[in-house]
Each structure stands twice: as C-alpha cells, then as structure tokens.
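Q: As input, take protein-v4.txt (compact mmCIF, C-alpha atoms and all ligand atoms):
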# COMPACT_ATOMS: atom_id res chain seq x y z
CA MET A 21 167.56 25.29 81.99
CA PRO A 22 166.27 28.81 81.28
CA ILE A 23 162.53 29.18 81.56
CA ASP A 24 160.69 30.45 78.47
CA ILE A 25 158.14 33.19 78.97
CA LEU A 26 155.76 34.62 76.41
CA GLN A 27 155.25 38.38 76.70
CA LEU A 28 151.91 39.38 75.25
CA CYS A 29 152.10 43.18 75.34
CA PRO A 30 154.61 45.97 75.97
CA LEU A 31 155.48 46.42 79.66
CA MET A 32 157.35 49.13 81.53
CA PRO A 33 161.06 49.03 80.51
CA SER A 34 162.37 48.14 83.97
CA LEU A 35 159.99 45.14 84.14
CA GLU A 36 161.01 44.02 80.66
CA ALA A 37 164.68 44.30 81.65
CA GLU A 38 164.16 42.33 84.85
CA LEU A 39 162.17 39.63 83.03
CA ALA A 40 164.89 39.37 80.40
CA SER A 41 167.54 38.95 83.11
CA ARG A 42 165.64 36.03 84.70
CA TYR A 43 163.95 34.27 81.80
CA THR A 44 164.08 33.69 78.07
CA VAL A 45 161.44 36.17 76.99
CA HIS A 46 159.60 35.87 73.66
CA ARG A 47 157.86 39.04 72.55
CA TRP A 48 154.68 37.58 71.05
CA PHE A 49 153.17 40.94 70.11
CA GLU A 50 156.19 41.69 67.91
CA ALA A 51 156.49 38.29 66.21
CA ASP A 52 156.26 38.83 62.43
CA ASP A 53 155.35 35.26 61.65
CA GLN A 54 153.35 33.95 64.60
CA PRO A 55 152.66 30.46 63.16
CA ALA A 56 156.39 29.93 62.53
CA PHE A 57 157.17 31.30 65.99
CA LEU A 58 154.75 28.84 67.58
CA LYS A 59 156.13 25.91 65.60
CA GLU A 60 159.57 26.64 66.94
CA ASN A 61 158.79 27.76 70.51
CA ALA A 62 155.28 26.78 71.64
CA ALA A 63 156.33 23.64 73.47
CA ASN A 64 158.94 25.53 75.51
CA ILE A 65 156.66 28.25 76.85
CA ARG A 66 155.97 27.75 80.58
CA GLY A 67 154.77 31.21 81.53
CA ALA A 68 152.95 34.16 80.00
CA VAL A 69 153.02 37.79 81.08
CA THR A 70 150.17 39.97 79.91
CA GLY A 71 148.17 43.13 80.66
CA GLY A 72 144.76 43.11 82.34
CA HIS A 73 143.21 44.58 79.21
CA VAL A 74 145.04 42.06 76.97
CA GLY A 75 144.81 38.74 78.81
CA ILE A 76 145.41 35.64 76.74
CA ALA A 77 143.14 34.29 74.02
CA ASN A 78 142.06 30.68 74.34
CA ALA A 79 143.23 30.09 70.77
CA LEU A 80 146.77 30.95 71.89
CA ALA A 81 146.62 29.16 75.25
CA ASP A 82 145.37 26.07 73.38
CA VAL A 83 148.62 25.80 71.41
CA LEU A 84 150.92 26.23 74.42
CA PRO A 85 150.89 22.68 75.81
CA ASN A 86 153.27 23.40 78.68
CA LEU A 87 151.89 26.72 79.87
CA GLU A 88 151.87 26.74 83.68
CA ILE A 89 151.20 30.32 84.70
CA VAL A 90 149.66 33.51 83.31
CA ALA A 91 150.93 36.53 85.27
CA ILE A 92 148.68 39.53 84.67
CA ASN A 93 150.24 42.96 85.01
CA GLY A 94 146.95 44.49 86.16
CA VAL A 95 144.02 43.79 88.45
CA GLY A 96 141.38 42.85 85.85
CA PHE A 97 141.27 39.20 84.77
CA ASP A 98 138.29 39.41 82.42
CA LYS A 99 140.48 38.63 79.40
CA VAL A 100 141.67 35.31 80.81
CA ASP A 101 139.37 32.29 80.74
CA LEU A 102 139.61 31.23 84.39
CA GLU A 103 137.43 28.18 83.85
CA ARG A 104 139.84 26.94 81.20
CA ALA A 105 142.84 27.78 83.39
CA ARG A 106 141.38 25.75 86.27
CA LYS A 107 140.61 22.84 83.98
CA HIS A 108 144.16 22.75 82.62
CA GLY A 109 145.85 23.43 85.97
CA ILE A 110 147.21 26.78 84.78
CA ARG A 111 147.81 29.30 87.53
CA VAL A 112 146.78 32.92 87.07
CA SER A 113 148.00 35.89 89.11
CA ASN A 114 147.17 39.59 89.05
CA THR A 115 148.29 42.78 90.79
CA PRO A 116 145.49 43.87 93.14
CA ASP A 117 145.65 46.56 95.87
CA VAL A 118 148.79 48.33 94.65
CA LEU A 119 146.80 50.21 91.97
CA THR A 120 143.66 50.97 94.00
CA ALA A 121 144.71 54.47 95.10
CA ASP A 122 145.79 55.52 91.60
CA VAL A 123 142.60 54.37 89.90
CA ALA A 124 140.52 56.09 92.60
CA ASP A 125 142.58 59.27 92.20
CA LEU A 126 142.00 59.18 88.47
CA ALA A 127 138.24 58.79 88.94
CA ILE A 128 138.20 61.94 91.08
CA GLY A 129 140.41 63.71 88.53
CA LEU A 130 138.03 62.79 85.72
CA ILE A 131 135.01 64.04 87.68
CA ILE A 132 136.70 67.38 88.28
CA ALA A 133 138.08 67.59 84.75
CA GLN A 134 134.62 67.05 83.28
CA ALA A 135 132.77 69.36 85.67
CA ARG A 136 135.34 72.16 85.62
CA GLN A 137 136.22 71.84 81.90
CA MET A 138 139.90 71.29 82.68
CA ALA A 139 140.92 70.19 79.18
CA LEU A 140 139.14 73.16 77.59
CA ALA A 141 140.54 75.52 80.23
CA ASP A 142 144.07 74.32 79.53
CA ALA A 143 143.60 74.79 75.77
CA HIS A 144 142.03 78.21 76.38
CA VAL A 145 145.25 79.44 77.95
CA ARG A 146 147.67 77.68 75.61
CA THR A 147 145.99 78.85 72.41
CA GLY A 148 145.91 82.47 73.53
CA ASP A 149 142.10 82.59 73.67
CA TRP A 150 142.02 83.86 77.26
CA PRO A 151 142.40 87.58 76.50
CA LYS A 152 139.84 87.32 73.68
CA ALA A 153 136.93 85.34 75.14
CA GLU A 154 135.42 83.89 78.29
CA LEU A 155 135.73 80.14 78.79
CA GLY A 156 132.22 79.74 80.15
CA LEU A 157 131.12 78.25 83.43
CA GLY A 158 131.53 74.73 84.72
CA THR A 159 129.54 72.74 87.28
CA ARG A 160 130.23 72.53 91.04
CA VAL A 161 131.89 69.29 92.08
CA SER A 162 131.25 69.47 95.83
CA GLY A 163 128.01 68.15 97.25
CA ARG A 164 126.93 66.20 94.17
CA ARG A 165 124.86 63.06 94.46
CA THR A 166 127.23 60.35 93.33
CA GLY A 167 126.46 56.75 92.51
CA ILE A 168 129.12 54.04 92.38
CA PHE A 169 128.53 50.80 90.53
CA GLY A 170 130.80 48.27 92.20
CA LEU A 171 131.91 48.99 95.74
CA GLY A 172 134.96 46.73 95.78
CA ARG A 173 138.45 47.90 96.67
CA ILE A 174 138.52 50.61 93.99
CA GLY A 175 134.88 51.67 94.45
CA LYS A 176 135.42 52.08 98.19
CA ALA A 177 138.59 54.11 97.65
CA ILE A 178 136.66 56.40 95.30
CA ALA A 179 133.87 56.78 97.87
CA ARG A 180 136.36 57.66 100.63
CA ARG A 181 137.80 60.41 98.45
CA LEU A 182 134.33 61.68 97.55
CA GLU A 183 133.49 62.08 101.24
CA GLY A 184 136.01 64.93 101.16
CA PHE A 185 133.82 66.58 98.53
CA ASP A 186 130.72 66.32 100.73
CA ALA A 187 129.19 64.01 98.15
CA GLU A 188 125.98 62.17 98.87
CA ILE A 189 127.07 58.62 98.05
CA ALA A 190 125.01 55.62 97.02
CA TYR A 191 126.03 52.37 95.34
CA CYS A 192 124.78 49.24 93.72
CA GLY A 193 126.27 45.82 93.12
CA ARG A 194 127.24 43.42 95.89
CA VAL A 195 125.80 44.57 99.25
CA ARG A 196 128.47 45.77 101.68
CA GLN A 197 127.73 45.76 105.41
CA ASP A 198 130.68 47.94 106.35
CA VAL A 199 129.82 51.17 104.50
CA PRO A 200 127.69 54.18 105.45
CA TYR A 201 126.33 54.69 101.92
CA GLY A 202 122.85 54.30 100.46
CA TYR A 203 122.12 51.13 98.50
CA CYS A 204 120.15 50.80 95.26
CA ALA A 205 119.03 47.38 94.10
CA THR A 206 119.43 48.19 90.40
CA LEU A 207 121.78 50.28 88.32
CA GLU A 208 118.82 52.10 86.80
CA GLU A 209 117.56 53.12 90.24
CA LEU A 210 121.05 54.30 91.17
CA ALA A 211 121.31 56.30 87.94
CA ARG A 212 117.89 57.89 88.54
CA ASN A 213 119.06 59.10 91.95
CA CYS A 214 122.48 60.52 91.19
CA ASP A 215 124.18 63.34 89.29
CA VAL A 216 127.39 61.43 88.65
CA LEU A 217 127.49 57.69 88.02
CA ILE A 218 130.91 56.07 88.43
CA ILE A 219 131.55 52.63 86.99
CA ALA A 220 134.03 50.68 89.14
CA ALA A 221 132.72 47.11 88.83
CA ALA A 222 134.68 44.22 87.38
CA ALA A 223 133.99 43.16 83.81
CA SER A 224 132.21 39.84 83.40
CA ALA A 225 129.44 38.27 81.35
CA LYS A 226 127.05 39.57 84.03
CA THR A 227 128.19 43.20 83.80
CA TYR A 228 128.55 43.32 79.99
CA HIS A 229 126.67 46.44 78.77
CA ALA A 230 125.23 46.95 82.26
CA VAL A 231 125.15 50.65 81.42
CA ASN A 232 122.53 50.42 78.67
CA ALA A 233 120.14 52.95 77.11
CA GLY A 234 117.74 52.59 80.07
CA VAL A 235 120.46 53.39 82.62
CA ILE A 236 121.73 56.30 80.53
CA ASP A 237 118.22 57.76 80.25
CA ALA A 238 117.77 57.35 84.00
CA LEU A 239 120.97 59.37 84.50
CA GLY A 240 119.50 62.00 82.22
CA PRO A 241 120.48 65.30 80.57
CA LYS A 242 122.16 66.64 83.71
CA GLY A 243 123.87 63.39 84.62
CA VAL A 244 127.51 62.47 84.00
CA LEU A 245 128.89 58.98 83.41
CA VAL A 246 132.43 58.21 84.63
CA ASN A 247 134.05 54.90 83.65
CA VAL A 248 137.33 53.72 85.17
CA ALA A 249 136.51 49.99 84.99
CA ARG A 250 136.25 48.40 81.55
CA GLY A 251 134.71 49.60 78.29
CA SER A 252 132.61 46.45 78.06
CA LEU A 253 130.41 47.58 80.96
CA VAL A 254 128.99 50.41 78.85
CA ASP A 255 126.92 50.07 75.68
CA GLU A 256 129.06 52.59 73.81
CA LYS A 257 126.62 52.95 70.91
CA ALA A 258 123.85 53.87 73.36
CA LEU A 259 126.23 56.29 75.09
CA VAL A 260 127.19 58.02 71.84
CA THR A 261 123.54 58.33 70.77
CA ALA A 262 122.46 59.75 74.14
CA LEU A 263 125.29 62.30 74.14
CA ARG A 264 124.57 63.28 70.53
CA GLU A 265 120.88 63.77 71.32
CA GLY A 266 121.55 65.69 74.56
CA ARG A 267 119.89 62.97 76.65
CA LEU A 268 123.02 62.67 78.83
CA GLY A 269 124.85 65.60 80.45
CA GLY A 270 128.40 64.38 79.87
CA ALA A 271 130.95 61.63 80.26
CA ALA A 272 134.47 61.12 81.59
CA LEU A 273 136.03 57.98 80.19
CA ASP A 274 139.31 56.18 80.84
CA VAL A 275 138.23 52.91 79.22
CA PHE A 276 136.54 51.99 75.94
CA GLU A 277 134.99 49.03 74.20
CA ASN A 278 137.51 48.95 71.37
CA GLU A 279 140.83 50.07 72.84
CA PRO A 280 143.08 51.73 71.81
CA HIS A 281 140.23 53.56 70.09
CA ALA A 282 137.59 55.86 71.55
CA PRO A 283 134.42 56.68 69.59
CA GLU A 284 135.34 59.51 67.22
CA GLU A 285 131.78 60.91 67.32
CA LEU A 286 132.58 62.11 70.85
CA PHE A 287 135.80 63.96 70.00
CA ALA A 288 134.11 67.29 69.27
CA MET A 289 131.90 67.20 72.36
CA LYS A 290 132.94 69.66 75.05
CA ASN A 291 131.05 67.78 77.76
CA VAL A 292 133.19 64.66 77.33
CA VAL A 293 136.70 64.13 78.69
CA PHE A 294 138.98 61.26 77.78
CA ALA A 295 141.96 59.41 79.18
CA PRO A 296 143.77 56.56 77.39
CA HIS A 297 143.28 53.80 80.02
CA ILE A 298 145.74 55.28 82.50
CA GLY A 299 144.17 54.29 85.82
CA SER A 300 147.33 52.64 87.14
CA ALA A 301 149.80 54.66 85.08
CA THR A 302 152.08 56.23 87.68
CA HIS A 303 155.75 55.42 88.24
CA GLU A 304 155.03 54.28 91.79
CA THR A 305 152.16 51.96 90.97
CA ARG A 306 153.62 50.49 87.80
CA LYS A 307 156.79 49.66 89.77
CA ALA A 308 154.70 47.97 92.49
CA MET A 309 152.76 46.04 89.81
CA ALA A 310 156.01 44.97 88.15
CA ASP A 311 157.35 43.71 91.49
CA LEU A 312 154.19 41.63 91.96
CA VAL A 313 154.43 40.14 88.46
CA LEU A 314 158.04 39.11 89.17
CA ALA A 315 157.16 37.82 92.64
CA ASN A 316 154.31 35.68 91.29
CA LEU A 317 156.47 34.18 88.55
CA ALA A 318 159.33 33.53 90.95
CA ALA A 319 157.03 31.92 93.52
CA HIS A 320 155.49 29.68 90.89
CA PHE A 321 158.77 28.48 89.41
CA GLU A 322 160.21 27.92 92.89
CA GLY A 323 157.17 25.86 93.88
CA GLU A 324 155.87 28.36 96.41
CA THR A 325 152.44 29.88 97.02
CA LEU A 326 151.66 32.80 94.70
CA PRO A 327 151.53 36.16 96.53
CA THR A 328 148.45 37.31 94.58
CA PRO A 329 146.73 34.36 92.94
CA VAL A 330 143.52 34.57 90.95
CA VAL A 331 143.49 30.84 90.21
C1 LIG A 401 143.91 46.66 85.16
O1 LIG A 401 144.72 46.65 86.09
O2 LIG A 401 143.10 45.77 84.98
C2 LIG A 401 144.01 47.83 84.26
O3 LIG A 401 142.78 48.18 83.75
C3 LIG A 401 145.01 47.59 83.16
O4 LIG A 401 144.60 46.59 82.33
Take the structure I supplied and represent it as structure tokens, if you would.

A:
Amino acid sequence: MPIDILQLCPLMPSLEAELASRYTVHRWFEADDQPAFLKENAANIRGAVTGGHVGIANALADVLPNLEIVAINGVGFDKVDLERARKHGIRVSNTPDVLTADVADLAIGLIIAQARQMALADAHVRTGDWPKAELGLGTRVSGRRTGIFGLGRIGKAIARRLEGFDAEIAYCGRVRQDVPYGYCATLEELARNCDVLIIAAAASAKTYHAVNAGVIDALGPKGVLVNVARGSLVDEKALVTALREGRLGGAALDVFENEPHAPEELFAMKNVVFAPHIGSATHETRKAMADLVLANLAAHFEGETLPTPVV
C-alpha cells in the first residue's frame, strides 16, 4: 500500500522528485479546494513534510486522524505544536547540524554587507554611478564588540567565525561552560555593551519579541541588529520606529515577522540590508537537509529510530 504524504510547502525539486518516487504526495499548498481535498484524502495521510518556517497548523493536524510523523525540512520547530504532537503520539523530525555552517556564514556575510555597504556598492558600479560620485565610507568590521543572543550550535559557529575578525564576543541566553566569551544576564545588558547584536536563539513563547524597544535603545544609534533566527524574536514595529528616528545605527535581516514580506518602511534606508530567509539556501546544505527528511520518513515507516527526532 503506498503511503500518503502531505506536502505543506514547495521543496527543492530533487527532494520533491524523491518523495514522489517513494510516496503518494499531496501538494496541500496548491490544493484549490482544501475542504474537498480533506474530505477525500484526510484519513489516508500518514506523514507531513513541511518547512521550519511553515510547520503545521493545529487546525490542519486536527483533521488528519492518521498522521504519524511531521518531517520538518529545517532546524526550527517553532511552527509545530510539540505538546500536541506528544499527546497524539505524532513524531516530529528536523534537520539540525547540516545547516549550521551556512547560517553562520550568512550571519557574517550580513554583518559585512551592512558595515561595508555591499548592496549599495554593487548598485553603484552597475548603475554607472562610480565615475560620477563617491560611494561614501562604511564601518570597520574587524575588532567590533559583538553580542550573540543564543549560543547554541549556530550561535557558536557564528562566534568561531567572528574570532577571525578579532571581535570581542559576549553572549546571553543559556549559560555555556565551554566557551571563552563574556556572559550577560539580560539581552538589554548585552545590547548596551556591544556594537553588533546577532540574534541566533530559537523562537519560542519565551523569546517572542525579546528584542523590544528597550533592547533596541540599549543598542543605540551606533549599534547594528543582525537577525538570522526568526522574525518573531524582534518587535518589528519597535525596530522600524527606532531606525526611522535614528535611534538605531542599522540592521541586517534574513528573517521577518510576516514572511514573505519585509517592512516596506525600511526599503529606502541605506543602513539596512535584507535577505529573503536564505540561511540554509545552498545546494550543499539543501541536499543534506533533503537527505535527512527522507531518512527520517524512511526510518519511521520502517519502524526504526529517527535519525534526527524532535519528538
Ligand atoms: C530553519 O531551518 O528553521 C530555517 O529557518 C528554514 O525554515
């Protein structure tokens, strides 16, 4: 009997092809008439594949009576109700580790792009402005005081890279015994004592809007906020207001509260750089993530231990 899988978002083509060769895949995000789809297929669905930023809504999980596993193509599991999954005996897997290096690389790239005006510099050459006008000066990257909120796998990988930039590194969040960095008990204290604040903590009810107006003011008019975690960790309204009023020096953002949208008020600001949630978006990493998604599904349906379980 073929196993029915619900696909909740677009995935890389090779993963979609592999899934289709192993399972009966239903593309939920393309279903024109979702109620009719559910009426016909809900009872058959045994697995769901989704993105970390998409997860699965309880309202949908509630109408899939035979759902056994949610395989997340991503490390974040904030969009899956783990409590509910435990209660209903639904297994959840994610793709940790394989994307750590890429997300850390992107954080460094964003810091440099913001400080050295890379997007503006690129446009300056392409538009033919170079012979007509000076671009203006950026800010030195090396030796900056850098704060990291969340020194987990990704936070640590960012810190290791920053050591190469002679950065003075401090962090807050869970205390780590195995790191040579300064510790701040609160995010506000960390922000007060750094030039660049990098958000690398997991999203949860506890970290929702952790970067609030107080933290942004502590970072101040010379400070830069970098977010490679989740948009929900930052109070975006407070961020926009602070940038508009010149109370924050700049921002480099890969994630947003209302994806796939970034706040339009920031588009004209030269001290802000954007990326469209591409932390893990390299061929190498997406292939490794795809392999983990397939391995978790296969292990589950063959009755084996999941390689990377969350629940
Ligand atoms: C992740 O892996 O959680 C990424 O942010 C994609 O959702």

Q: Please return as a VMD selection string the residues found within 8 Å of ligand LIG 401 (chain A), counting all atoms listed in the file.

A: chain A and resid 71 to 74 93 to 97 115 to 116 119 248 to 250 275 297 to 300

Q: For Leu182 (chain A), find every residue with an atom within 12 Å (counting all atoms listed in the file), except residues of its own chain fewer than 2 positions away, and show them as number ranges by chain.

A: A: 124-125, 127-129, 131-132, 161-168, 175-180, 184-190, 201, 216, 218

Q: Using Å and a single decimal, report how far CA of Ile65 (chain A) sits from CA of Ala310 (chain A).

A: 20.2 Å

Q: Which polymer residues have any atom within 9 Å of an atom of Gln134 (chain A), counting only C-alpha atoms, with same-chain residues fewer than 5 positions away left out, as a list in words?

A: Gly129, Ala139, Gly158, Thr159, Val244, Gly270, Ala271, Ala272, Lys290, Asn291, Val292 and Val293 of chain A

Q: So that I have them on file, write out the residues from the current selection with C-alpha atoms, as a PDB file, in the frame of the given file.

A:
ATOM      1  CA  GLY A 129     140.410  63.710  88.530  1.00  0.00           C
ATOM      2  CA  ALA A 139     140.920  70.190  79.180  1.00  0.00           C
ATOM      3  CA  GLY A 158     131.530  74.730  84.720  1.00  0.00           C
ATOM      4  CA  THR A 159     129.540  72.740  87.280  1.00  0.00           C
ATOM      5  CA  VAL A 244     127.510  62.470  84.000  1.00  0.00           C
ATOM      6  CA  GLY A 270     128.400  64.380  79.870  1.00  0.00           C
ATOM      7  CA  ALA A 271     130.950  61.630  80.260  1.00  0.00           C
ATOM      8  CA  ALA A 272     134.470  61.120  81.590  1.00  0.00           C
ATOM      9  CA  LYS A 290     132.940  69.660  75.050  1.00  0.00           C
ATOM     10  CA  ASN A 291     131.050  67.780  77.760  1.00  0.00           C
ATOM     11  CA  VAL A 292     133.190  64.660  77.330  1.00  0.00           C
ATOM     12  CA  VAL A 293     136.700  64.130  78.690  1.00  0.00           C
TER      13      VAL A 293
END

Q: Do you have the CA of Asn64 (chain A)-CA of Thr325 (chain A) distance handy?

A: 22.9 Å

Q: How big is the axis-aligned box around the listed atoms of region 49-56 of chain A once 8 Å is added on each side, and where is its centre? Give both in Å to one decimal, as lines of an AutoDock Vina configuration file.

A:
center_x = 154.6
center_y = 35.8
center_z = 65.9
size_x = 19.8
size_y = 27.8
size_z = 24.5

Q: For the atom pair CA of Pro329 (chain A) and CA of Val254 (chain A), what is the interatomic distance in Å to one decimal place?

A: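 Computing the Euclidean distance for CA of Pro329 (chain A) and CA of Val254 (chain A) yields 27.8 Å.
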
Q: Using all atoms listed in the file, find the one residue out of A:Val313, A:Cys204, A:Leu130, A:Leu263 that sits nearest to Thr70 (chain A).

A: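 The answer is A:Val313, which sits nearest to Thr70 (chain A).
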
Q: Pick the closest to Leu314 (chain A) from A:Pro280, A:Pro200, A:Gly193, A:Gly67: which is it, counting only C-alpha atoms?

A: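 Among the listed residues, A:Gly67 lies closest to Leu314 (chain A).
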
Q: If we count only C-alpha atoms, what is near Gly240 (chain A) at a cut-off of 7 Å, once residues fewer than 4 positions away on the same chain are taken out, given as a list in words?

A: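 Once the nearby chain positions are removed, what remains is Ile236, Arg267, Leu268 and Gly269 of chain A.
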
Q: Between A:Ala153, A:Gly251, A:Val260, A:Val118, which is the closest to Ile174 (chain A) once you count all atoms listed in the file?

A: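 That would be A:Val118, the residue with the smallest distance to Ile174 (chain A).
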
Q: Which residues come within 12 Å of Asp237 (chain A), counting all atoms listed in the file, excluding same-chain residues fewer than 5 positions away, as a list in words?

A: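 Counting all atoms listed in the file, the residues come to Leu207, Glu208, Glu209, Leu210, Ala211, Arg212, Asn213, Val231, Asn232, Lys242, Gly243, Val244, Leu245, Ala258, Leu259, Thr261, Ala262, Leu263, Glu265, Gly266, Arg267, Leu268 and Gly269 of chain A.
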
Q: Could you check which of A:Pro55, A:Asn61, A:Ala121, A:Ala91 is closest to Glu304 (chain A), using all atoms listed in the file?

A: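 Closest residue, counting all atoms listed in the file: A:Ala121.
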
Q: Mind checking which residues fall within 7 Å of Asn316 (chain A), counting all atoms listed in the file, ignoring those fewer than 2 positions away in the same chain, and posting them as a PyMOL selection string?

A: chain A and resi 91+113+312-314+318-320+326-328

Q: Mind listing whatever residues come within 7 Å of the point (160.0, 33.3, 78.6)? Use all atoms listed in the file, file coordinates, and give them as a list in words.

A: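 Every residue inside that radius is included here: Ile23, Asp24, Ile25, Leu26, Tyr43, Thr44, Val45, His46, Ile65 and Gly67 of chain A.
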
Q: Have a look at A:Lys59, A:Lys152, A:Pro283, A:Met21 and name the one nearest to Arg42 (chain A); count only C-alpha atoms.

A: A:Met21
